[in-house]
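Report on one structure; see the data block that follows.
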Protein chains: 2
Amino acid sequence: MNKSHPYLIVDALQYNNWSESVFKQMNYGGVSAVHATICFHEDFQEMVKNVICWNRFFDKYSNLIFQGFSSDDILKAQEEGRTAIFFGFQNCSPIEDDIGLVEICYRLGVRLMQLSYNNQSLLATGCYENDDLGITRMGRQVIKEMNRLGIVIDMSHSASRSTLEAIQISDRPIAITHANPSFWYDAKRNKSNDLLISLGKSGGMLGFSMYPYHLKNKSECSLEEFCGMIAKTADLIGVGSIGIGSDLCQNQPDNIVEWMRNGTWSLEKDFGEGSKEMSGFPLQPNWFKSNLDFINIKGGLSKIGFNEKEVELIMGLNWFKFFEKSFGKEEK
Amino acid sequence: MNKSHPYLIVDALQYNNWSESVFKQMNYGGVSAVHATICFHEDFQEMVKNVICWNRFFDKYSNLIFQGFSSDDILKAQEEGRTAIFFGFQNCSPIEDDIGLVEICYRLGVRLMQLSYNNQSLLATGCYENDDLGITRMGRQVIKEMNRLGIVIDMSHSASRSTLEAIQISDRPIAITHANPSFWYDAKRNKSNDLLISLGKSGGMLGFSMYPYHLKNKSECSLEEFCGMIAKTADLIGVGSIGIGSDLCQNQPDNIVEWMRNGTWSLEKDFGEGSKEMSGFPLQPNWFKSNLDFINIKGGLSKIGFNEKEVELIMGLNWFKFFEKSFGKEEK
């Protein structure tokens with residue numbers, strides 16, 4: 001039996017309640033690479049414990065998954081019909097206030113890091129703050145270090161000025177792994193045209209999110225609406241700068257989204273994109289509930305008018321090319 | 001022998017290389033209370049280790065010093081001819097990203113905390129950043145918690161907008177424990193008239209620094225110039241809002257000031273108020289080299305024209321009154 005995934009699928013953001021069944025769905029769904037979040041609020045040592053958990057998974061489910069370190073691992077996963085898991089942080093909390101920890105995280109396999117998550121961090125402003133001071137002094141140093149090592153700067157949850165400055169300051173293209181354009185749905189987490197154009201011009205990548213609070217009509221958003229938005233974004237920034245970053249949080253209990261929003265920074269409860277009445281995870285749209293459903297997006301993209309080559313780029317090849325030039329030291 | 005200190009002297013900031021000889025100078029100099037920095041960059045556990053060191057000092061030198069928790073301890077120290085040491089942080093790093101640690105720090109005796117130290121923190125912007133976003137979301141929560149517990153908000157190393165917002169947001173008066181007015185010497189760490197007026201009107205306190213980089217003519221600054229500046233500041237914000245915050249860093253080796261500036265946030269060396277050629281601690285002015293020299297300031301204040309009552313306020317009584325209403329839960 002030829003186990004290879006015939007079609008390259010890369011998802012630039014998932015944070016599932018990981019289990020054998022989720023890994024099997026990745027496999028059956030033909031997903032060759034997933035950027036998996038291993039930190040929201042964890043400090044260094046807490047993050048290391050998450051790596052230990054992942055090492056158990058890699059050991060136990062080696063027929064389904066393995067840890068990815070380089071873009072070659074994506075091709076290897078495709079060939080072997082497995083899924084390469086790339087570690088990433090949604091916050092810079094694991095590097096604490098120590099720039100030396102950036103390289104340590106790289107050695108552990110971390111390949112993407114957000115400079116802030118909703119709130120202000122030591123490096124950059126998050127999109128929920130009232131104002132935005134841009135990249136901090138430490139942020140400038142850490143960007144340089146991430147550039148040197150080859151860790152992708154991810155600004156998905158950062159505020160606008162901080163993101164624009166990250167694009168300018170970084171010597172290597174950056175990513176917004178999971179968000180959508182504001183022109184389509186004006187959520188706090190979605191991004192302005194100016195920002196997306198600047199991202200595209202700099203060689204950066206946008207991953208389209210299917211987290212309902214980033215979607216027009218939320219859980220009711222149709223596949224056609226979603227793919228229509230992708231087509232408009234392709235017109236805006238080019239079909240070479242876009243991919244999928246589903247933000248899939250499969251099987252997570254509601255206390256997890258409460259923790260994502262509140263961490264330990266507040267004594268009052270923050271409901272983020274939700275509300276007191278709707279404080280939990282929203283329902284996924286019926287056309288994207290698990291890793292089995294990438295086929296729906298592929299179909300939707302064809303139907304909206306993308307040719308086969310373009311669909312291939314959006315479904316995985318763009319992220320592959322981006323990771324190829326982003327992970328690890330730059331070849332001069 | 002009556003050991004009591006006849007005259008109340010309170011210093012709102014020292015960070016010496018602590019030793020028996022320094023404690024003896026405090027005693028002989030008649031200093032009843034010192035706000036001692038126990039953290040610049042330390043995380044919670046590192047800060048606790050500093051508390052353990054202090055506990056050894058309190059045990060070994062109990063004839064000279066004891067830990068202060070309330071303003072009554074200042075009077076007790078004066079009466080007994082000892083010095084009450086009040087713990088404070090120059091940065092919020094020990095509370096990490098956990099608001100629950102604020103109360104834990106209070107229990108350990110921490111009575112003052114800066115919301116930021118030169119750089120951006122999770123709570124506020126530092127005075128060395130290019131821009132200032134004011135108090136962050138977490139910062140607003142932490143100010144409320146500090147207000148509830150009775151920990152003084154200290155904005156000595158914070159940027160201007162953050163400081164003004166802290167004054168507005170805080171239900172209790174705040175402090176700038178160690179800085180001087182910009183009108184006298186325009187250092188990054190010194191404060192504008194607007195800010196000082198707002199501080200004074202809100203019931204806050206300014207402690208005058210004798211760290212040479214905050215002084216006009218630096219190490220060469222004369223006592224007369226220093227006391228003249230105090231007189232002008234009294235005219236500006238009132239004699240009831242000012243005191244001493246010497247910023248004395250006695251006997252510290254130069255690697256300490258390098259660590260204060262650089263912590264672990266940068267791979268490049270930052271020289272702060274110094275320069276590559278002058279990277280170490282600057283020389284103290286010859287009229288203030290140790291805790292024995294408060295008598296010089298007292299004399300200088302009289303000479304410049306303050307009456308005895310005013311000198312008493314500036315030398316310690318203002319800080320005493322401020323700490324009386326600031327430390328611990330507010331009496332309604």
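Residues in the structure tokens are numbered from 1 in each chain, the chains being A, B, ... in the order shown, and ligands are numbered from 1 in the order shown.
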I'd like the superposed copy of chain B - fitted to chain A by least squares over all paired Cα atoms - as a compact mmCIF listing (two decimals) with C-alpha atoms, in the first residue's frame.
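Saved file result-v2.txt follows:
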# COMPACT_ATOMS: atom_id res chain seq x y z
CA MET B 1 0.25 -0.03 0.00
CA ASN B 2 1.46 3.40 -0.99
CA LYS B 3 0.89 5.49 2.10
CA SER B 4 2.02 8.81 0.65
CA HIS B 5 -0.21 11.89 0.75
CA PRO B 6 -0.77 12.66 -2.93
CA TYR B 7 -1.49 16.34 -2.36
CA LEU B 8 0.55 18.68 -0.13
CA ILE B 9 -1.56 20.05 2.73
CA VAL B 10 0.02 22.27 5.37
CA ASP B 11 -1.88 23.86 8.24
CA ALA B 12 -0.12 26.80 9.86
CA LEU B 13 -1.99 26.66 13.16
CA GLN B 14 -3.75 24.06 15.24
CA TYR B 15 -4.24 23.72 18.97
CA ASN B 16 -6.25 20.58 19.45
CA ASN B 17 -6.81 18.45 22.47
CA TRP B 18 -4.27 16.05 20.99
CA SER B 19 -5.06 12.36 20.87
CA GLU B 20 -4.67 9.32 18.67
CA SER B 21 -7.98 10.06 16.97
CA VAL B 22 -6.87 13.60 16.07
CA PHE B 23 -3.56 12.27 14.71
CA LYS B 24 -5.45 9.67 12.68
CA GLN B 25 -7.67 12.36 11.21
CA MET B 26 -4.56 14.29 10.21
CA ASN B 27 -3.32 11.20 8.44
CA TYR B 28 -6.59 10.28 6.76
CA GLY B 29 -7.11 13.91 5.85
CA GLY B 30 -3.76 13.88 4.10
CA VAL B 31 -2.20 16.66 6.16
CA SER B 32 1.59 16.60 5.78
CA ALA B 33 2.49 19.34 8.23
CA VAL B 34 0.88 21.14 11.13
CA HIS B 35 2.20 24.07 13.12
CA ALA B 36 1.09 23.02 16.60
CA THR B 37 0.84 25.56 19.40
CA ILE B 38 2.74 24.37 22.47
CA CYS B 39 2.41 27.57 24.49
CA PHE B 40 -0.05 30.35 25.27
CA HIS B 41 0.99 31.59 28.72
CA GLU B 42 3.58 29.05 29.83
CA ASP B 43 6.96 30.12 31.14
CA PHE B 44 10.07 28.25 30.00
CA GLN B 45 9.81 25.30 32.35
CA GLU B 46 6.08 24.85 31.83
CA MET B 47 6.68 24.90 28.06
CA VAL B 48 9.38 22.22 28.42
CA LYS B 49 6.78 20.01 30.12
CA ASN B 50 4.61 20.39 27.02
CA VAL B 51 7.57 19.30 24.89
CA ILE B 52 7.91 16.23 27.10
CA CYS B 53 4.22 15.42 26.49
CA TRP B 54 4.81 15.75 22.75
CA ASN B 55 7.84 13.45 22.97
CA ARG B 56 5.53 10.80 24.44
CA PHE B 57 3.12 11.33 21.52
CA PHE B 58 5.94 11.08 18.97
CA ASP B 59 7.06 7.84 20.59
CA LYS B 60 3.61 6.31 20.91
CA TYR B 61 2.14 7.41 17.57
CA SER B 62 5.26 7.29 15.39
CA ASN B 63 3.22 5.64 12.62
CA LEU B 64 1.13 8.82 12.40
CA ILE B 65 3.29 11.77 13.41
CA PHE B 66 6.86 12.91 13.98
CA GLN B 67 8.49 16.18 15.01
CA GLY B 68 9.39 18.46 12.13
CA PHE B 69 12.57 20.54 12.26
CA SER B 70 13.13 21.55 8.63
CA SER B 71 11.03 21.97 5.51
CA ASP B 72 12.46 18.66 4.24
CA ASP B 73 10.48 17.01 6.99
CA ILE B 74 7.30 18.19 5.26
CA LEU B 75 8.27 16.32 2.09
CA LYS B 76 9.30 13.33 4.15
CA ALA B 77 5.91 13.35 5.88
CA GLN B 78 4.13 13.60 2.54
CA GLU B 79 6.14 10.71 1.13
CA GLU B 80 5.61 8.52 4.17
CA GLY B 81 1.97 9.44 4.61
CA ARG B 82 2.60 10.83 8.08
CA THR B 83 2.26 14.31 9.58
CA ALA B 84 5.20 16.48 10.62
CA ILE B 85 4.44 18.50 13.75
CA PHE B 86 6.23 21.84 14.03
CA PHE B 87 6.33 23.50 17.43
CA GLY B 88 5.30 27.12 17.85
CA PHE B 89 4.44 29.58 20.63
CA GLN B 90 1.45 31.92 20.56
CA ASN B 91 3.25 34.13 23.07
CA CYS B 92 6.85 34.90 23.99
CA SER B 93 6.33 33.90 27.62
CA PRO B 94 8.70 30.89 27.42
CA ILE B 95 11.69 33.12 26.72
CA GLU B 96 10.74 35.08 29.86
CA ASP B 97 13.12 38.07 30.05
CA ASP B 98 16.13 36.13 28.80
CA ILE B 99 17.19 36.45 25.17
CA GLY B 100 19.46 33.43 25.68
CA LEU B 101 16.34 31.26 25.87
CA VAL B 102 15.54 31.97 22.19
CA GLU B 103 18.36 29.68 21.04
CA ILE B 104 17.42 27.09 23.66
CA CYS B 105 13.87 27.05 22.29
CA TYR B 106 15.22 26.71 18.75
CA ARG B 107 17.22 23.64 19.83
CA LEU B 108 14.02 22.14 21.24
CA GLY B 109 12.51 22.50 17.79
CA VAL B 110 10.50 25.69 18.14
CA ARG B 111 10.12 27.14 14.64
CA LEU B 112 7.51 29.89 15.09
CA MET B 113 6.87 32.37 17.87
CA GLN B 114 4.30 35.13 18.28
CA LEU B 115 5.79 38.28 19.74
CA SER B 116 2.61 38.93 21.73
CA TYR B 117 -0.72 37.30 22.48
CA ASN B 118 -3.61 39.80 22.76
CA ASN B 119 -1.95 41.74 25.60
CA GLN B 120 1.30 43.68 25.80
CA SER B 121 4.37 41.46 26.07
CA LEU B 122 8.00 42.33 26.68
CA LEU B 123 8.46 42.37 22.89
CA ALA B 124 5.37 43.83 21.23
CA THR B 125 1.80 44.98 21.75
CA GLY B 126 -1.18 42.65 21.48
CA CYS B 127 -4.32 43.43 19.53
CA TYR B 128 -6.50 43.85 22.64
CA GLU B 129 -4.52 46.73 24.16
CA ASN B 130 -5.94 50.25 23.76
CA ASP B 131 -2.77 51.53 22.14
CA ASP B 132 0.35 50.11 20.50
CA LEU B 133 3.92 51.25 21.11
CA GLY B 134 5.38 49.03 18.41
CA ILE B 135 8.35 46.74 18.91
CA THR B 136 10.09 47.27 22.26
CA ARG B 137 13.82 47.52 22.91
CA MET B 138 13.94 43.86 23.89
CA GLY B 139 11.72 43.06 20.91
CA ARG B 140 14.28 44.47 18.48
CA GLN B 141 16.97 42.32 20.01
CA VAL B 142 14.80 39.20 19.95
CA ILE B 143 13.77 39.72 16.31
CA LYS B 144 17.45 39.85 15.38
CA GLU B 145 18.07 36.65 17.31
CA MET B 146 15.06 34.89 15.72
CA ASN B 147 16.34 36.00 12.30
CA ARG B 148 19.77 34.59 13.07
CA LEU B 149 18.46 31.24 14.24
CA GLY B 150 15.58 30.83 11.81
CA ILE B 151 12.48 31.06 13.98
CA VAL B 152 9.49 32.57 12.18
CA ILE B 153 8.08 35.77 13.67
CA ASP B 154 4.32 35.29 13.91
CA MET B 155 2.17 38.39 14.52
CA SER B 156 -1.29 36.81 14.44
CA HIS B 157 -2.40 38.19 17.82
CA SER B 158 -0.31 41.38 17.74
CA ALA B 159 -1.49 44.93 17.24
CA SER B 160 -1.16 46.72 13.93
CA ARG B 161 1.78 49.08 14.49
CA SER B 162 3.78 46.33 16.19
CA THR B 163 3.11 44.08 13.20
CA LEU B 164 4.14 46.72 10.65
CA GLU B 165 7.31 47.41 12.62
CA ALA B 166 8.09 43.70 12.85
CA ILE B 167 7.82 43.49 9.04
CA GLN B 168 10.23 46.43 8.73
CA ILE B 169 12.70 45.39 11.41
CA SER B 170 12.90 41.71 10.54
CA ASP B 171 15.53 40.75 7.96
CA ARG B 172 13.45 37.71 7.03
CA PRO B 173 9.78 37.58 6.02
CA ILE B 174 7.30 37.17 8.84
CA ALA B 175 3.99 35.36 9.10
CA ILE B 176 0.47 35.89 10.28
CA THR B 177 -0.30 32.23 10.68
CA HIS B 178 -3.98 32.52 11.55
CA ALA B 179 -6.20 35.54 10.86
CA ASN B 180 -8.43 36.91 8.11
CA PRO B 181 -8.71 40.29 6.39
CA SER B 182 -10.71 43.03 8.12
CA PHE B 183 -12.30 44.03 4.79
CA TRP B 184 -14.26 40.79 5.00
CA TYR B 185 -14.96 40.70 8.71
CA ASP B 186 -13.82 43.44 11.04
CA ALA B 187 -12.81 41.43 14.11
CA LYS B 188 -10.07 42.73 16.41
CA ARG B 189 -7.91 39.81 15.38
CA ASN B 190 -8.34 40.34 11.63
CA LYS B 191 -5.93 42.46 9.60
CA SER B 192 -6.21 45.67 7.57
CA ASN B 193 -5.50 45.91 3.84
CA ASP B 194 -2.43 48.09 4.47
CA LEU B 195 -0.96 45.55 6.78
CA LEU B 196 -1.70 42.62 4.46
CA ILE B 197 -0.22 44.43 1.47
CA SER B 198 2.92 45.22 3.45
CA LEU B 199 3.08 41.59 4.59
CA GLY B 200 2.75 40.30 1.04
CA LYS B 201 5.31 42.71 -0.43
CA SER B 202 7.87 41.66 2.16
CA GLY B 203 7.55 37.99 1.25
CA GLY B 204 5.45 37.17 4.29
CA MET B 205 2.52 34.79 4.56
CA LEU B 206 -1.07 34.93 5.77
CA GLY B 207 -2.83 31.80 6.96
CA PHE B 208 -6.66 31.93 6.78
CA SER B 209 -8.36 31.11 10.03
CA MET B 210 -11.52 29.06 10.42
CA TYR B 211 -12.00 29.96 14.05
CA PRO B 212 -15.62 31.17 13.98
CA TYR B 213 -14.92 34.53 15.67
CA HIS B 214 -12.68 35.40 12.72
CA LEU B 215 -15.36 34.48 10.17
CA LYS B 216 -18.13 36.57 8.69
CA ASN B 217 -21.36 35.16 10.16
CA LYS B 218 -19.19 33.21 12.60
CA SER B 219 -20.24 29.55 12.90
CA GLU B 220 -22.79 30.09 10.11
CA CYS B 221 -20.16 31.20 7.60
CA SER B 222 -20.49 29.23 4.38
CA LEU B 223 -17.63 27.58 2.55
CA GLU B 224 -18.43 29.76 -0.44
CA GLU B 225 -18.14 32.96 1.62
CA PHE B 226 -14.83 31.73 3.04
CA CYS B 227 -13.40 30.86 -0.37
CA GLY B 228 -14.70 34.12 -1.83
CA MET B 229 -12.74 35.97 0.84
CA ILE B 230 -9.64 33.98 -0.11
CA ALA B 231 -10.10 34.96 -3.75
CA LYS B 232 -10.36 38.67 -2.84
CA THR B 233 -7.26 38.42 -0.65
CA ALA B 234 -5.37 36.76 -3.50
CA ASP B 235 -6.32 39.74 -5.65
CA LEU B 236 -5.05 42.08 -2.94
CA ILE B 237 -1.70 40.53 -1.99
CA GLY B 238 -1.10 37.78 -4.55
CA VAL B 239 -1.80 34.07 -4.56
CA GLY B 240 1.79 33.37 -3.48
CA SER B 241 1.38 34.92 -0.01
CA ILE B 242 -1.59 32.96 1.31
CA GLY B 243 -2.29 29.61 2.88
CA ILE B 244 -4.35 27.94 5.58
CA GLY B 245 -3.93 28.48 9.32
CA SER B 246 -7.11 26.87 10.51
CA ASP B 247 -6.81 27.69 14.24
CA LEU B 248 -8.55 24.38 14.83
CA CYS B 249 -9.05 23.75 18.56
CA GLN B 250 -10.65 20.37 18.27
CA ASN B 251 -12.06 18.63 21.36
CA GLN B 252 -10.87 21.36 23.70
CA PRO B 253 -13.04 21.93 26.76
CA ASP B 254 -14.35 25.45 27.35
CA ASN B 255 -12.04 26.07 30.30
CA ILE B 256 -9.18 26.08 27.78
CA VAL B 257 -10.48 29.10 25.89
CA GLU B 258 -11.07 30.81 29.24
CA TRP B 259 -7.45 30.12 30.14
CA MET B 260 -6.24 31.37 26.74
CA ARG B 261 -8.02 34.66 27.37
CA ASN B 262 -7.26 35.10 31.05
CA GLY B 263 -4.07 33.26 31.78
CA THR B 264 -3.13 34.60 35.20
CA TRP B 265 -3.04 38.29 34.32
CA SER B 266 -6.43 39.38 35.61
CA LEU B 267 -8.64 38.96 38.64
CA GLU B 268 -11.62 39.94 36.50
CA LYS B 269 -12.83 37.60 33.81
CA ASP B 270 -12.07 38.59 30.24
CA PHE B 271 -14.30 37.12 27.52
CA GLY B 272 -12.11 38.01 24.57
CA GLU B 273 -13.94 37.47 21.31
CA GLY B 274 -16.78 35.81 23.19
CA SER B 275 -19.15 37.23 25.78
CA LYS B 276 -20.47 36.36 29.21
CA GLU B 277 -23.37 34.53 27.58
CA MET B 278 -21.15 32.82 25.01
CA SER B 279 -17.96 32.28 26.96
CA GLY B 280 -16.90 28.94 25.54
CA PHE B 281 -15.55 27.74 22.21
CA PRO B 282 -17.89 28.58 19.34
CA LEU B 283 -19.16 25.84 17.03
CA GLN B 284 -16.98 25.16 14.00
CA PRO B 285 -18.64 25.75 10.61
CA ASN B 286 -20.04 22.45 9.39
CA TRP B 287 -17.57 22.30 6.47
CA PHE B 288 -14.50 22.39 8.72
CA LYS B 289 -14.68 20.36 11.89
CA SER B 290 -11.51 18.30 11.78
CA ASN B 291 -8.42 17.48 9.73
CA LEU B 292 -10.66 15.31 7.54
CA ASP B 293 -12.22 18.44 6.06
CA PHE B 294 -9.37 20.01 4.08
CA ILE B 295 -10.88 18.32 1.06
CA ASN B 296 -13.87 20.66 1.41
CA ILE B 297 -11.64 23.73 1.23
CA LYS B 298 -9.82 22.30 -1.75
CA GLY B 299 -13.14 21.84 -3.49
CA GLY B 300 -14.34 25.29 -2.48
CA LEU B 301 -11.23 26.94 -3.88
CA SER B 302 -11.65 25.17 -7.23
CA LYS B 303 -15.32 26.08 -7.34
CA ILE B 304 -14.61 29.78 -6.69
CA GLY B 305 -12.31 29.80 -9.71
CA PHE B 306 -8.75 29.06 -8.62
CA ASN B 307 -6.90 26.81 -11.06
CA GLU B 308 -5.26 23.58 -9.92
CA LYS B 309 -1.83 25.16 -9.54
CA GLU B 310 -3.25 27.96 -7.39
CA VAL B 311 -5.21 25.55 -5.21
CA GLU B 312 -2.00 23.62 -4.67
CA LEU B 313 -0.19 26.79 -3.56
CA ILE B 314 -2.91 27.80 -1.12
CA MET B 315 -3.43 24.32 0.34
CA GLY B 316 0.23 23.81 1.25
CA LEU B 317 2.88 24.67 -1.29
CA ASN B 318 3.13 28.33 -0.26
CA TRP B 319 3.70 27.42 3.36
CA PHE B 320 6.23 24.80 2.30
CA LYS B 321 8.20 27.37 0.29
CA PHE B 322 7.97 29.89 3.11
CA PHE B 323 9.16 27.41 5.73
CA GLU B 324 11.94 26.33 3.36
CA LYS B 325 13.45 29.80 3.47
CA SER B 326 12.48 30.51 7.09
CA PHE B 327 13.44 27.56 9.27
CA GLY B 328 17.06 27.49 10.41
CA LYS B 329 20.04 29.59 9.46
CA GLU B 330 19.76 31.51 6.23
CA GLU B 331 21.83 30.25 3.32
CA LYS B 332 23.80 33.21 2.01
Which of segment 70-260 of chain A end up as strand (DSSP E or B) when DSSP is run on this backbone - answer as a ChimeraX atom specification? /A:83-89,110-114,126,152-154,158,175-176,181,191,205-208,242-244,248
Would you save the residues from that selection as a PDB file, in the first residue's frame, using N, CA and C atoms?
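Saved to result-v2.pdb:
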ATOM      1  N   THR A  83       2.409  12.870   9.388  1.00  0.00           N
ATOM      2  CA  THR A  83       2.266  14.315   9.569  1.00  0.00           C
ATOM      3  C   THR A  83       3.443  14.839  10.384  1.00  0.00           C
ATOM      4  N   ALA A  84       4.097  15.845   9.869  1.00  0.00           N
ATOM      5  CA  ALA A  84       5.195  16.487  10.613  1.00  0.00           C
ATOM      6  C   ALA A  84       4.601  17.583  11.496  1.00  0.00           C
ATOM      7  N   ILE A  85       4.941  17.517  12.775  1.00  0.00           N
ATOM      8  CA  ILE A  85       4.438  18.500  13.746  1.00  0.00           C
ATOM      9  C   ILE A  85       5.552  19.508  14.030  1.00  0.00           C
ATOM     10  N   PHE A  86       5.283  20.782  13.738  1.00  0.00           N
ATOM     11  CA  PHE A  86       6.249  21.851  14.022  1.00  0.00           C
ATOM     12  C   PHE A  86       5.783  22.632  15.248  1.00  0.00           C
ATOM     13  N   PHE A  87       6.681  22.801  16.187  1.00  0.00           N
ATOM     14  CA  PHE A  87       6.333  23.510  17.421  1.00  0.00           C
ATOM     15  C   PHE A  87       6.300  25.026  17.212  1.00  0.00           C
ATOM     16  N   GLY A  88       5.320  25.652  17.848  1.00  0.00           N
ATOM     17  CA  GLY A  88       5.280  27.109  17.859  1.00  0.00           C
ATOM     18  C   GLY A  88       4.656  27.639  19.127  1.00  0.00           C
ATOM     19  N   PHE A  89       5.003  28.880  19.443  1.00  0.00           N
ATOM     20  CA  PHE A  89       4.440  29.577  20.619  1.00  0.00           C
ATOM     21  C   PHE A  89       3.465  30.652  20.147  1.00  0.00           C
ATOM     22  N   VAL A 110      11.482  24.613  18.354  1.00  0.00           N
ATOM     23  CA  VAL A 110      10.505  25.692  18.138  1.00  0.00           C
ATOM     24  C   VAL A 110      10.856  26.426  16.844  1.00  0.00           C
ATOM     25  N   ARG A 111       9.866  26.550  15.959  1.00  0.00           N
ATOM     26  CA  ARG A 111      10.129  27.137  14.642  1.00  0.00           C
ATOM     27  C   ARG A 111       9.292  28.382  14.360  1.00  0.00           C
ATOM     28  N   LEU A 112       8.320  28.666  15.233  1.00  0.00           N
ATOM     29  CA  LEU A 112       7.517  29.887  15.078  1.00  0.00           C
ATOM     30  C   LEU A 112       7.233  30.446  16.466  1.00  0.00           C
ATOM     31  N   MET A 113       7.223  31.767  16.586  1.00  0.00           N
ATOM     32  CA  MET A 113       6.867  32.382  17.869  1.00  0.00           C
ATOM     33  C   MET A 113       6.140  33.691  17.629  1.00  0.00           C
ATOM     34  N   GLN A 114       4.980  33.836  18.275  1.00  0.00           N
ATOM     35  CA  GLN A 114       4.307  35.137  18.259  1.00  0.00           C
ATOM     36  C   GLN A 114       5.024  36.059  19.234  1.00  0.00           C
ATOM     37  N   GLY A 126      -0.146  43.552  21.968  1.00  0.00           N
ATOM     38  CA  GLY A 126      -1.185  42.641  21.498  1.00  0.00           C
ATOM     39  C   GLY A 126      -2.399  43.402  21.018  1.00  0.00           C
ATOM     40  N   VAL A 152      10.408  31.656  12.857  1.00  0.00           N
ATOM     41  CA  VAL A 152       9.487  32.572  12.175  1.00  0.00           C
ATOM     42  C   VAL A 152       8.811  33.496  13.186  1.00  0.00           C
ATOM     43  N   ILE A 153       8.807  34.780  12.869  1.00  0.00           N
ATOM     44  CA  ILE A 153       8.080  35.770  13.662  1.00  0.00           C
ATOM     45  C   ILE A 153       6.623  35.732  13.227  1.00  0.00           C
ATOM     46  N   ASP A 154       5.753  35.399  14.174  1.00  0.00           N
ATOM     47  CA  ASP A 154       4.316  35.280  13.903  1.00  0.00           C
ATOM     48  C   ASP A 154       3.603  36.416  14.637  1.00  0.00           C
ATOM     49  N   SER A 158      -0.940  40.103  17.388  1.00  0.00           N
ATOM     50  CA  SER A 158      -0.313  41.380  17.744  1.00  0.00           C
ATOM     51  C   SER A 158      -1.107  42.549  17.176  1.00  0.00           C
ATOM     52  N   ALA A 175       5.269  36.005   9.388  1.00  0.00           N
ATOM     53  CA  ALA A 175       3.994  35.348   9.088  1.00  0.00           C
ATOM     54  C   ALA A 175       2.889  35.850  10.004  1.00  0.00           C
ATOM     55  N   ILE A 176       1.688  35.815   9.462  1.00  0.00           N
ATOM     56  CA  ILE A 176       0.480  35.891  10.281  1.00  0.00           C
ATOM     57  C   ILE A 176      -0.178  34.543  10.053  1.00  0.00           C
ATOM     58  N   PRO A 181      -8.734  38.840   6.675  1.00  0.00           N
ATOM     59  CA  PRO A 181      -8.708  40.294   6.403  1.00  0.00           C
ATOM     60  C   PRO A 181      -9.901  41.006   7.043  1.00  0.00           C
ATOM     61  N   LYS A 191      -6.995  41.535   9.993  1.00  0.00           N
ATOM     62  CA  LYS A 191      -5.933  42.470   9.612  1.00  0.00           C
ATOM     63  C   LYS A 191      -6.361  43.414   8.486  1.00  0.00           C
ATOM     64  N   MET A 205       3.647  35.684   4.844  1.00  0.00           N
ATOM     65  CA  MET A 205       2.526  34.779   4.561  1.00  0.00           C
ATOM     66  C   MET A 205       1.365  35.042   5.514  1.00  0.00           C
ATOM     67  N   LEU A 206       0.161  34.906   4.967  1.00  0.00           N
ATOM     68  CA  LEU A 206      -1.063  34.941   5.772  1.00  0.00           C
ATOM     69  C   LEU A 206      -1.732  33.577   5.711  1.00  0.00           C
ATOM     70  N   GLY A 207      -2.058  33.036   6.896  1.00  0.00           N
ATOM     71  CA  GLY A 207      -2.837  31.791   6.953  1.00  0.00           C
ATOM     72  C   GLY A 207      -4.275  32.126   7.315  1.00  0.00           C
ATOM     73  N   PHE A 208      -5.226  31.619   6.527  1.00  0.00           N
ATOM     74  CA  PHE A 208      -6.641  31.930   6.775  1.00  0.00           C
ATOM     75  C   PHE A 208      -7.183  31.073   7.906  1.00  0.00           C
ATOM     76  N   ILE A 242      -0.456  33.428   0.487  1.00  0.00           N
ATOM     77  CA  ILE A 242      -1.578  32.969   1.313  1.00  0.00           C
ATOM     78  C   ILE A 242      -1.601  31.449   1.470  1.00  0.00           C
ATOM     79  N   GLY A 243      -2.152  31.024   2.604  1.00  0.00           N
ATOM     80  CA  GLY A 243      -2.280  29.601   2.889  1.00  0.00           C
ATOM     81  C   GLY A 243      -3.347  29.407   3.943  1.00  0.00           C
ATOM     82  N   ILE A 244      -3.352  28.238   4.536  1.00  0.00           N
ATOM     83  CA  ILE A 244      -4.340  27.934   5.570  1.00  0.00           C
ATOM     84  C   ILE A 244      -3.656  27.945   6.935  1.00  0.00           C
ATOM     85  N   LEU A 248      -7.655  25.456  14.334  1.00  0.00           N
ATOM     86  CA  LEU A 248      -8.523  24.381  14.821  1.00  0.00           C
ATOM     87  C   LEU A 248      -8.185  24.050  16.281  1.00  0.00           C
TER      88      LEU A 248
END
Once DSSP has gone over the backbone, tell me which residues of segment 185-308 of chain A are in helix (DSSP H, G or I), as number ranges by chain. A: 193-201, 212-214, 218-220, 223-237, 239-241, 254-262, 291-304, 308
